[in-house]
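File shown: upload-v4.cif. Contents: mmCIF, C-alpha atoms and all ligand atoms.
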data_target
loop_
_atom_site.label_atom_id
_atom_site.label_comp_id
_atom_site.auth_asym_id
_atom_site.auth_seq_id
_atom_site.Cartn_x
_atom_site.Cartn_y
_atom_site.Cartn_z
CA MET A 27 13.65 -2.38 -9.47
CA ASN A 28 13.03 -0.76 -6.10
CA ILE A 29 9.72 -0.22 -4.38
CA LEU A 30 8.42 1.36 -1.19
CA VAL A 31 5.65 -0.26 0.84
CA ILE A 32 3.87 2.25 3.07
CA ASN A 33 1.46 1.48 5.88
CA GLY A 34 -0.64 4.02 7.69
CA PRO A 35 -2.00 4.37 11.23
CA ASN A 36 -2.72 1.43 13.51
CA LEU A 37 -1.32 -1.14 11.11
CA ASN A 38 1.56 -1.54 13.57
CA LEU A 39 -1.07 -3.15 15.83
CA LEU A 40 -1.93 -5.92 13.39
CA GLY A 41 -2.63 -9.15 15.25
CA ILE A 42 -3.92 -7.26 18.29
CA ARG A 43 -6.31 -4.90 16.55
CA GLU A 44 -9.75 -6.24 15.57
CA PRO A 45 -8.48 -9.68 14.52
CA ASP A 46 -11.87 -10.60 13.05
CA LEU A 47 -11.34 -7.85 10.47
CA TYR A 48 -7.58 -7.74 10.06
CA GLY A 49 -6.50 -11.28 10.97
CA LYS A 50 -4.24 -12.73 13.64
CA GLN A 51 -0.92 -12.14 11.93
CA ASP A 52 1.11 -9.27 13.36
CA TYR A 53 2.95 -6.40 11.66
CA LYS A 54 6.22 -8.36 11.74
CA ALA A 55 4.53 -11.09 9.71
CA LEU A 56 3.39 -8.48 7.19
CA VAL A 57 6.94 -7.09 6.87
CA LYS A 58 8.27 -10.64 6.39
CA LEU A 59 5.68 -11.44 3.71
CA VAL A 60 6.58 -8.26 1.82
CA GLU A 61 10.34 -8.79 2.16
CA ASP A 62 10.14 -12.49 1.20
CA THR A 63 7.94 -11.70 -1.83
CA CYS A 64 10.31 -8.98 -2.99
CA ALA A 65 13.39 -11.17 -2.46
CA GLN A 66 11.79 -13.93 -4.57
CA GLU A 67 10.92 -11.44 -7.30
CA GLY A 68 14.30 -9.71 -7.29
CA ILE A 69 12.86 -6.41 -6.10
CA GLY A 70 14.54 -4.09 -3.60
CA VAL A 71 12.08 -2.96 -0.93
CA GLU A 72 11.71 -0.66 2.03
CA VAL A 73 8.72 -1.24 4.32
CA PHE A 74 7.58 1.83 6.24
CA GLN A 75 4.82 2.46 8.78
CA SER A 76 3.69 5.64 10.50
CA ASN A 77 0.70 6.76 12.52
CA HIS A 78 1.21 10.37 11.35
CA GLU A 79 -0.23 11.88 8.19
CA GLY A 80 2.60 14.40 7.64
CA VAL A 81 5.24 11.72 8.09
CA LEU A 82 3.49 9.64 5.43
CA VAL A 83 3.45 12.68 3.11
CA ASP A 84 7.19 13.23 3.76
CA LYS A 85 7.90 9.57 2.97
CA ILE A 86 5.96 9.71 -0.31
CA GLN A 87 7.82 12.90 -1.29
CA ALA A 88 11.17 11.28 -0.46
CA ALA A 89 10.30 8.38 -2.78
CA LEU A 90 10.77 10.66 -5.79
CA GLY A 91 13.92 9.64 -7.62
CA THR A 92 14.70 6.83 -5.18
CA VAL A 93 12.11 4.13 -5.97
CA ASP A 94 10.24 2.94 -9.06
CA GLY A 95 6.84 2.42 -7.46
CA ILE A 96 4.78 2.40 -4.28
CA VAL A 97 2.44 -0.03 -2.57
CA ILE A 98 0.34 1.84 -0.03
CA ASN A 99 -2.22 1.03 2.62
CA PRO A 100 -3.03 4.49 3.98
CA ALA A 101 -5.38 2.86 6.55
CA ALA A 102 -7.81 5.43 8.03
CA TYR A 103 -6.14 8.25 6.06
CA THR A 104 -7.48 6.55 2.92
CA HIS A 105 -10.85 8.06 3.68
CA THR A 106 -9.74 11.52 4.82
CA SER A 107 -6.40 12.58 3.43
CA VAL A 108 -6.25 14.88 0.44
CA ALA A 109 -2.61 15.52 1.50
CA ILE A 110 -1.66 11.89 0.83
CA LEU A 111 -3.55 11.96 -2.49
CA ASP A 112 -1.72 15.16 -3.48
CA ALA A 113 1.66 13.69 -2.47
CA LEU A 114 1.04 10.60 -4.61
CA LYS A 115 0.02 12.80 -7.52
CA ALA A 116 3.03 15.07 -6.99
CA VAL A 117 5.61 12.29 -7.22
CA ALA A 118 3.61 10.61 -10.01
CA LEU A 119 5.09 7.19 -9.28
CA PRO A 120 2.97 4.12 -10.10
CA ALA A 121 1.17 3.25 -6.87
CA VAL A 122 -1.01 0.29 -5.88
CA GLU A 123 -3.51 0.59 -3.02
CA VAL A 124 -4.04 -2.25 -0.55
CA HIS A 125 -6.66 -2.82 2.14
CA ILE A 126 -6.57 -5.91 4.30
CA SER A 127 -10.32 -5.82 4.88
CA ASP A 128 -13.00 -5.46 2.22
CA VAL A 129 -13.73 -1.77 2.74
CA SER A 130 -16.46 -1.91 0.07
CA GLN A 131 -18.54 -4.02 2.47
CA ARG A 132 -17.97 -1.81 5.52
CA GLU A 133 -19.25 1.53 6.85
CA GLU A 134 -20.35 4.32 4.56
CA PHE A 135 -17.42 6.54 5.58
CA ARG A 136 -14.98 3.92 4.26
CA GLN A 137 -16.48 4.06 0.76
CA VAL A 138 -14.34 7.02 -0.25
CA SER A 139 -10.67 6.52 -1.07
CA TYR A 140 -8.74 9.69 -1.77
CA ALA A 141 -5.39 7.92 -2.20
CA GLY A 142 -7.06 5.41 -4.51
CA ARG A 143 -7.59 8.17 -7.06
CA ALA A 144 -3.83 8.30 -7.60
CA CYS A 145 -3.39 4.50 -7.74
CA ILE A 146 -3.32 2.25 -10.78
CA LYS A 147 -5.00 -0.64 -8.94
CA THR A 148 -6.61 -1.54 -5.59
CA TYR A 149 -6.61 -4.86 -3.74
CA MET A 150 -9.03 -5.24 -0.84
CA GLY A 151 -10.39 -8.01 1.34
CA LEU A 152 -7.56 -10.46 0.63
CA GLY A 153 -5.86 -10.13 4.02
CA LEU A 154 -2.07 -9.88 3.90
CA GLU A 155 -2.13 -11.71 0.55
CA GLY A 156 -3.28 -8.41 -0.95
CA TYR A 157 0.22 -7.00 -0.43
CA ARG A 158 1.73 -9.92 -2.37
CA GLN A 159 -0.74 -9.41 -5.21
CA ALA A 160 -0.03 -5.67 -5.22
CA ILE A 161 3.74 -6.23 -5.44
CA LEU A 162 3.35 -8.71 -8.31
CA TYR A 163 1.02 -6.33 -10.16
CA LEU A 164 3.37 -3.39 -9.66
CA LYS A 165 6.33 -5.47 -10.88
CA GLU A 166 4.48 -6.41 -14.09
CA PHE A 167 3.37 -2.81 -14.60
CA LEU A 168 6.91 -1.50 -14.17
CA LYS A 169 8.29 -4.18 -16.51
CA GLN A 170 5.76 -3.30 -19.20
CA ASN A 171 6.50 0.38 -18.77
CA GLU A 172 10.24 -0.17 -18.97
CA LYS A 173 9.69 -2.00 -22.29
CA SER A 174 7.46 0.65 -23.80
CA GLY A 175 9.94 3.27 -22.53
CA THR A 176 12.83 1.72 -24.45
CA GLU A 177 10.73 1.22 -27.60
CA ALA A 178 9.79 4.88 -27.76
C1 LIG A 201 -7.72 -0.63 6.21
C2 LIG A 201 -9.17 -0.18 6.09
C3 LIG A 201 -9.37 1.20 6.67
O1 LIG A 201 -10.73 1.61 6.55
C4 LIG A 201 -9.00 1.21 8.13
O2 LIG A 201 -9.11 2.52 8.67
C5 LIG A 201 -7.64 0.64 8.39
C6 LIG A 201 -7.20 -0.52 7.63
C7 LIG A 201 -7.50 -2.07 5.74
O3 LIG A 201 -6.36 -2.44 5.52
O4 LIG A 201 -8.47 -2.83 5.62
O5 LIG A 201 -6.94 1.08 9.31
O6 LIG A 201 -6.93 0.22 5.36
#
For the structure just supplied, provide its representation as structure tokens.
Ligand code: DQA
Amino acid sequence: MNILVINGPNLNLLGIREPDLYGKQDYKALVKLVEDTCAQEGIGVEVFQSNHEGVLVDKIQAALGTVDGIVINPAAYTHTSVAILDALKAVALPAVEVHISDVSQREEFRQVSYAGRACIKTYMGLGLEGYRQAILYLKEFLKQNEKSGTEA
């Protein structure tokens, strides 16, 4: 099982950026948490971050045929990007959405998630732990799907 973990704009500044909202742990700590979780679970993983919408779209497109599922925190593009939504729909890979902060309790403009419409589940407000939960959920989902695939 191979997955791709994608992070959108400004998440490279974790630890520096608004620590009251996003915590004191930096991006390196996030990458380590994801890699350690995947190693423990026997999952191959690539962790990717970009500040550019088109680069994120390219990365999602490139996931087709190379990974089994996606964990994505599109960051600010969550609330604006139909292109990222369309890319997720185009590849039709199981995707889980993560937000470090609880966007449901924040500004009005954060109440819309375009990407979330193409995701099977969303974790928010759990800090970096949300990524771990998302990976475990995706693993279970893929395992279940594999089973039902072989039964059919
Ligand atoms: C975020 C929430 C978004 O609204 C914000 O633009 C981010 C991070 C989160 O992880 O809580 O950059 O996706």
Determine, using all atoms listed in the file, which residues of range 56-96 of chain A have any atom at most 7 Å from an atom of range 152-172 of chain A, and tabulate each with its shortest atom pair and distance in Å to one decimal place, rows ordered by chain and then rising number, as JSON lines.
{"residue": "A:Leu56", "atom": "CA", "partner": "A:Leu154", "partner_atom": "CA", "distance": 6.5}
{"residue": "A:Val60", "atom": "CA", "partner": "A:Arg158", "partner_atom": "CA", "distance": 6.6}
{"residue": "A:Thr63", "atom": "CA", "partner": "A:Arg158", "partner_atom": "CA", "distance": 6.5}
Dump as a compact mmCIF listing (two decimals), in the coordinates of the input, selection limited to C-alpha atoms:
# COMPACT_ATOMS: atom_id res chain seq x y z
CA LEU A 56 3.39 -8.48 7.19
CA VAL A 60 6.58 -8.26 1.82
CA THR A 63 7.94 -11.70 -1.83
Please list as a short mmCIF file (atom, residue, chain, number, x, y, z; two decimals) with C-alpha atoms, in the coordinates of the input every residue within 7 Å of Ala141 in chain A, counting only C-alpha atoms and excluding residues in the same chain fewer than 3 positions away.
data_model
loop_
_atom_site.label_atom_id
_atom_site.label_comp_id
_atom_site.auth_asym_id
_atom_site.auth_seq_id
_atom_site.Cartn_x
_atom_site.Cartn_y
_atom_site.Cartn_z
CA THR A 104 -7.48 6.55 2.92
CA ILE A 110 -1.66 11.89 0.83
CA LEU A 111 -3.55 11.96 -2.49
CA ALA A 144 -3.83 8.30 -7.60
CA CYS A 145 -3.39 4.50 -7.74
#
Using only C-alpha atoms and all ligand atoms, what are the residues with an atom within 9 Å of ligand LIG 201 (chain A), set out as a ChimeraX atom specification? /A:33-37,47-48,99-105,124-129,132-133,135-137,150-151,153-154
Measuring atom to atom with all atoms listed in the file, identify which of A:Lys85, A:Lys54, A:Lys147, A:Arg43 is nearest to Val31 in chain A. A:Lys85
Of the candidates A:Glu61, A:Val117, A:Glu44, A:Gly142, which shows the shortest atom-to-atom distance to Leu90 in chain A, using only C-alpha atoms? A:Val117
Computed interatomic separation between CA of Glu67 in chain A and CA of Val93 in chain A (Å): 15.7 Å
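Residue nearest Asp84 in chain A, chosen from A:Ile32, A:Val122, A:Ser130, A:Gly70 and counting only C-alpha atoms: A:Ile32.
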Can you measure CA of Asp112 in chain A to CA of Val57 in chain A for me? One decimal in Å is fine. 26.0 Å
Could you state the separation of CA of Tyr140 in chain A and CA of Asp46 in chain A in Å, given to one decimal place? 25.3 Å
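Closest approach to Ser76 in chain A among A:Ser139, A:Asn28, A:Asn38, A:Gln131: A:Asn38, based on only C-alpha atoms.
Of the residues listed (A:Ala118, A:Ile69, A:Glu134, A:Leu40), A:Leu40 shows the shortest atom-to-atom separation from Ala55 in chain A; distances use all atoms listed in the file.
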Repaired coordinates for range 118-138 of chain A (N, CA and C atoms) as an mmCIF file, in the frame of the given file:
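Listed below is the output, selection_25.cif:
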data_model
loop_
_atom_site.group_PDB
_atom_site.id
_atom_site.type_symbol
_atom_site.label_atom_id
_atom_site.label_comp_id
_atom_site.auth_asym_id
_atom_site.auth_seq_id
_atom_site.Cartn_x
_atom_site.Cartn_y
_atom_site.Cartn_z
ATOM 1 N N ALA A 118 4.036 11.282 -8.767
ATOM 2 C CA ALA A 118 3.610 10.610 -10.010
ATOM 3 C C ALA A 118 4.300 9.272 -10.240
ATOM 4 N N LEU A 119 4.544 8.544 -9.156
ATOM 5 C CA LEU A 119 5.090 7.190 -9.280
ATOM 6 C C LEU A 119 3.914 6.214 -9.355
ATOM 7 N N PRO A 120 4.056 5.107 -10.100
ATOM 8 C CA PRO A 120 2.970 4.120 -10.100
ATOM 9 C C PRO A 120 2.742 3.616 -8.667
ATOM 10 N N ALA A 121 1.498 3.670 -8.231
ATOM 11 C CA ALA A 121 1.170 3.250 -6.870
ATOM 12 C C ALA A 121 0.001 2.279 -6.888
ATOM 13 N N VAL A 122 0.070 1.276 -6.020
ATOM 14 C CA VAL A 122 -1.010 0.290 -5.880
ATOM 15 C C VAL A 122 -1.530 0.372 -4.446
ATOM 16 N N GLU A 123 -2.853 0.455 -4.324
ATOM 17 C CA GLU A 123 -3.510 0.590 -3.020
ATOM 18 C C GLU A 123 -3.887 -0.793 -2.488
ATOM 19 N N VAL A 124 -3.665 -0.984 -1.192
ATOM 20 C CA VAL A 124 -4.040 -2.250 -0.550
ATOM 21 C C VAL A 124 -4.887 -1.967 0.689
ATOM 22 N N HIS A 125 -5.933 -2.775 0.874
ATOM 23 C CA HIS A 125 -6.660 -2.820 2.140
ATOM 24 C C HIS A 125 -6.820 -4.271 2.545
ATOM 25 N N ILE A 126 -6.490 -4.531 3.789
ATOM 26 C CA ILE A 126 -6.570 -5.910 4.300
ATOM 27 C C ILE A 126 -8.025 -6.372 4.324
ATOM 28 N N SER A 127 -8.891 -5.494 4.808
ATOM 29 C CA SER A 127 -10.320 -5.820 4.880
ATOM 30 C C SER A 127 -11.005 -5.380 3.583
ATOM 31 N N ASP A 128 -12.233 -5.865 3.406
ATOM 32 C CA ASP A 128 -13.000 -5.460 2.220
ATOM 33 C C ASP A 128 -13.768 -4.188 2.568
ATOM 34 N N VAL A 129 -13.120 -3.050 2.353
ATOM 35 C CA VAL A 129 -13.730 -1.770 2.740
ATOM 36 C C VAL A 129 -15.048 -1.511 2.003
ATOM 37 N N SER A 130 -15.221 -2.134 0.848
ATOM 38 C CA SER A 130 -16.460 -1.910 0.070
ATOM 39 C C SER A 130 -17.681 -2.474 0.801
ATOM 40 N N GLN A 131 -17.434 -3.391 1.739
ATOM 41 C CA GLN A 131 -18.540 -4.020 2.470
ATOM 42 C C GLN A 131 -18.665 -3.445 3.882
ATOM 43 N N ARG A 132 -17.965 -2.356 4.159
ATOM 44 C CA ARG A 132 -17.970 -1.810 5.520
ATOM 45 C C ARG A 132 -18.744 -0.484 5.598
ATOM 46 N N GLU A 133 -18.458 0.321 6.623
ATOM 47 C CA GLU A 133 -19.250 1.530 6.850
ATOM 48 C C GLU A 133 -19.188 2.484 5.653
ATOM 49 N N GLU A 134 -20.229 3.313 5.601
ATOM 50 C CA GLU A 134 -20.350 4.320 4.560
ATOM 51 C C GLU A 134 -19.086 5.194 4.442
ATOM 52 N N PHE A 135 -18.554 5.612 5.619
ATOM 53 C CA PHE A 135 -17.420 6.540 5.580
ATOM 54 C C PHE A 135 -16.153 5.911 5.007
ATOM 55 N N ARG A 136 -16.158 4.577 4.866
ATOM 56 C CA ARG A 136 -14.980 3.920 4.260
ATOM 57 C C ARG A 136 -15.137 3.760 2.747
ATOM 58 N N GLN A 137 -16.241 4.261 2.195
ATOM 59 C CA GLN A 137 -16.480 4.060 0.760
ATOM 60 C C GLN A 137 -15.716 5.039 -0.122
ATOM 61 N N VAL A 138 -15.162 6.064 0.515
ATOM 62 C CA VAL A 138 -14.340 7.020 -0.250
ATOM 63 C C VAL A 138 -12.882 6.661 -0.066
#
